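See structure below.
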Amino acid sequence: MLDLFVYLLCGSIVVSGILAVSLDSTLAAAISGGLASLFAAVCYVLLGAPDVAMTEASIGSGLSVLIFLYAIRRTTERAP
């Protein structure tokens, strides 16, 4: 049962990555990339690597998404 859940999470990572590349909205693409990172963190927990999962959740889906959102906000404010 655990294997099935890990495979579903890996499929979700792939789908989120494809969405991040193919979406037209920059905001939606950044959020989809963060979601892929969050799915990877859950997968790491299930596979028995909680330290890697905490790092992935904090840096991959937390800090990097915040930096992307900040950059998107700063660039769209200056556009005419």
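Chains: A, B, ... in order of the structure tokens. Residues: from 1 per chain. Ligands: from 1, in order shown.
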Test item: residues at most 12 Å from A:Thr26, only C-alpha atoms, excluding those fewer than 3 positions along its chain, as a PyMOL selection string: chain A and resi 19-23+29-33+65+68-73+75-76
Selection near A:Met54, 9 Å with only C-alpha atoms, sequence-local residues under 4 positions removed, as a ChimeraX atom specification: /A:41,44-45,49-50,58-59
What would the file look like if the residues just selected were written as a compact mmCIF listing (two decimals), in the first residue's frame with C-alpha atoms?
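And here's result-v3.txt as it stands now:
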```
# COMPACT_ATOMS: atom_id res chain seq x y z
CA ALA A 41 9.05 16.35 0.55
CA TYR A 44 10.96 11.70 1.20
CA VAL A 45 9.12 11.32 4.50
CA ALA A 49 14.42 10.48 5.03
CA PRO A 50 12.85 13.09 7.32
CA SER A 58 11.66 24.63 3.84
CA ILE A 59 13.98 25.53 0.97
```
What's around stretch 3-9 of chain A at 10 Å? Count only C-alpha atoms, leave out sequence neighbours fewer than 6 positions away in its own chain, and write the answer as a list in words. Val15, Ala36, Leu38, Phe39, Ala40, Ala41, Val42, Cys43, Tyr44, Leu46 and Leu47 of chain A
Alpha helix (DSSP H) per DSSP on the backbone: members of chain A, as a PyMOL selection string: chain A and resi 2-22+26-46+50-55+64-78
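Pairwise distance (atom CA of A:Leu27, atom CA of A:Ala53) equals 24.3 Å.
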